[in-house]
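S.K.: Dropping a structure here in structure tokens format, bear with me for questions.
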Amino acid sequence: MPRQQQPATRPARRRSYDQFCATARALDSVGDRWTLLIVRELLAGPRRYTDLHADLPGVSTDVLASRLKDMEQGGLVTRRRLPPPAAASVYELTGRGRGLLPVLAALAEWGAPALAERRPTDAVRAHWFALVLLRALEGTAHEGIVEVHLDEGEFHVRAGGAKDDGAVYGDGPAARADARLTLDAEVCLALGQGELTLAEAVGDGRVEVSGDGPLATELRGE
């Protein structure tokens, strides 16, 4: 007896609010759990899948792969192959994906008060403070790379906004820094919430600024 052919499996359709509303359409694209946190990681520039998984503790490999596929289909990220000797694929934000920077920055500002107490189960990465700190660096007259030293580690941010590659921050020390800030997480969060200006924090010694260039001089208020 001939084997009965199984019907083709249709790809699962992403859930939609089916509302003719800009907010609903946005949430159709980025409302799934983990999606905006993937954007947060990719604001640092192209990342390999393994790097994304390492900096998103708690996400399963299946969920991460599924979200990245959805984000590719939705035009938020692209995937490309690095040339030898790297021979690895990286994910990076498209222009539409990079357009989520102000959304993430607003969410970071709104959520900062909830960080008053660190729970024992909380994972932490130093670069997760980058979006919070960007607010304090808005309006600087000089552009450049600011390296930030916290007890939790180091990261660097770009004062003056993102460049063409979309990277607004990066994990670890910068290859070349125009200024260096040393502070603690509490002060960093206060700066992000607008409770404290950078000039005030530098003036009372809660932020130490080092460097010889014009950006460092500006941040010191000289």
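Every chain in the structure tokens takes a letter, A first, then B, and so on in the order presented; its residues are numbered from 1, and the ligands are numbered from 1 following the presented order.
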For A:Val157, work out the shell of residues within 6 Å, counting only C-alpha atoms and skipping chain neighbours fewer than 5 positions away, then give it as number ranges by chain.
M.R.: A: 145-146, 168-169
S.K.: Quick one: residues within 10 Å of A:Glu72, only C-alpha atoms, excluding same-chain residues fewer than 5 positions away - as a list of chain:residue names?
M.R.: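 Once the nearby chain positions are removed, what remains is A:Ser66, A:Arg67, A:Val77, A:Thr78, A:Arg79, A:Tyr91, A:Glu92, A:Leu93, A:Thr94.
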S.K.: Keeping N, CA and C atoms, export the residues of the selection given above as a JSON list (two decimals), in the first residue's frame.
M.R.:
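Full text of result.json as output:
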```
[["chain", "number", "residue", "atom", "x", "y", "z"],
["A", 66, "SER", "N", 14.51, 31.97, 17.08],
["A", 66, "SER", "CA", 13.20, 32.34, 16.56],
["A", 66, "SER", "C", 13.02, 33.85, 16.49],
["A", 67, "ARG", "N", 13.45, 34.56, 17.55],
["A", 67, "ARG", "CA", 13.31, 36.01, 17.56],
["A", 67, "ARG", "C", 14.17, 36.64, 16.47],
["A", 77, "VAL", "N", 16.74, 43.46, 11.53],
["A", 77, "VAL", "CA", 18.14, 43.02, 11.52],
["A", 77, "VAL", "C", 18.48, 42.35, 10.21],
["A", 78, "THR", "N", 19.75, 42.31, 9.91],
["A", 78, "THR", "CA", 20.25, 41.53, 8.78],
["A", 78, "THR", "C", 21.36, 40.62, 9.30],
["A", 79, "ARG", "N", 21.63, 39.59, 8.55],
["A", 79, "ARG", "CA", 22.70, 38.66, 8.90],
["A", 79, "ARG", "C", 23.69, 38.63, 7.74],
["A", 91, "TYR", "N", 24.92, 39.30, 13.25],
["A", 91, "TYR", "CA", 23.65, 40.00, 13.10],
["A", 91, "TYR", "C", 23.89, 41.48, 13.37],
["A", 92, "GLU", "N", 23.21, 42.32, 12.62],
["A", 92, "GLU", "CA", 23.33, 43.76, 12.84],
["A", 92, "GLU", "C", 22.00, 44.43, 12.55],
["A", 93, "LEU", "N", 21.79, 45.58, 13.15],
["A", 93, "LEU", "CA", 20.54, 46.30, 12.98],
["A", 93, "LEU", "C", 20.50, 46.98, 11.62],
["A", 94, "THR", "N", 19.31, 47.03, 11.04],
["A", 94, "THR", "CA", 19.07, 47.84, 9.86],
["A", 94, "THR", "C", 18.80, 49.28, 10.32]]
```
S.K.: Rounded to one decimal, what separation in Å do you get between atom CA of A:Ala177 and atom CA of A:Asp51?
M.R.: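 Calculated distance between atom CA of A:Ala177 and atom CA of A:Asp51 is 23.2 Å.
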S.K.: I'd like the neighbourhood of A:Asp28 as a ChimeraX atom specification, where a residue qualifies if any of its atoms comes within 10 Å (using only C-alpha atoms), though same-chain residues fewer than 5 positions away should be ignored.
M.R.: /A:14-19,22-23,74
S.K.: Do you have the atom CA of A:Leu37-atom CA of A:Thr197 distance handy?
M.R.: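 So the answer is 26.8 Å.
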S.K.: When you count only C-alpha atoms, which of these residues is closest to A:Arg96: A:Leu64, A:Met71, A:Ala216, A:Val59?
M.R.: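 Going through A:Leu64, A:Met71, A:Ala216, A:Val59 one by one, the smallest distance to A:Arg96 is for A:Met71.
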S.K.: Counting only C-alpha atoms, which of A:Leu189, A:Leu42, A:Val103, A:Ala65 gets nearest to A:Leu27?
M.R.: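 Of A:Leu189, A:Leu42, A:Val103, A:Ala65, the one nearest A:Leu27, counting only C-alpha atoms, is A:Val103.
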S.K.: Check the smallest atom-to-atom distance from each of A:Pro85, A:Trp34, A:Glu222, A:Arg25 to A:Ser60 using only C-alpha atoms, then report the winner.
M.R.: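 The closest residue to A:Ser60 is A:Trp34.
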S.K.: Which residue out of A:Ala44, A:Leu104, A:Ala136, A:Cys188 has the minimum interatomic distance to A:Gly172 when only C-alpha atoms are used?
M.R.: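 The closest residue to A:Gly172 is A:Ala44.
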S.K.: Looking at only C-alpha atoms, which of A:Thr61, A:Gly97, A:Ala24, A:Gly205 is the one that sits closest to A:Leu36?
M.R.: A:Gly97
S.K.: Using DSSP assignments from the backbone, pull out every residue in chain A that falls under strand (DSSP E) and give it to me as a compact mmCIF listing (two decimals) with C-alpha atoms, in the first residue's frame.
M.R.:
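Output below, filename part-v4.txt:
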```
# COMPACT_ATOMS: atom_id res chain seq x y z
CA ARG A 47 27.22 40.56 17.12
CA ARG A 48 27.64 36.83 16.64
CA VAL A 77 18.14 43.02 11.52
CA THR A 78 20.25 41.53 8.78
CA ARG A 79 22.70 38.66 8.90
CA ARG A 80 25.99 38.63 7.01
CA ARG A 81 29.05 36.44 6.78
CA SER A 89 28.00 35.13 10.72
CA VAL A 90 26.96 38.28 12.55
CA TYR A 91 23.65 40.00 13.10
CA GLU A 92 23.33 43.76 12.84
CA LEU A 93 20.54 46.30 12.98
CA GLY A 144 33.96 61.25 20.71
CA ILE A 145 34.26 57.98 22.58
CA VAL A 146 33.76 58.02 26.34
CA GLU A 147 35.12 55.03 28.26
CA VAL A 148 33.20 54.33 31.45
CA HIS A 149 34.56 52.47 34.49
CA LEU A 150 32.10 50.97 36.98
CA GLY A 153 33.06 46.45 34.57
CA GLU A 154 33.84 48.75 31.66
CA PHE A 155 31.98 49.90 28.59
CA HIS A 156 32.22 52.79 26.17
CA VAL A 157 29.66 55.09 24.61
CA ARG A 158 29.70 57.51 21.71
CA ALA A 159 28.99 61.07 22.77
CA TYR A 169 28.06 51.85 22.77
CA GLY A 170 30.31 48.86 23.21
CA ASP A 171 31.27 46.38 25.89
CA ALA A 179 37.56 60.78 27.67
CA ARG A 180 37.26 58.39 30.60
CA LEU A 181 34.68 58.46 33.38
CA THR A 182 34.99 56.62 36.67
CA GLU A 208 36.19 61.39 37.87
CA VAL A 209 37.03 62.54 34.34
CA SER A 210 40.40 61.80 32.76
```
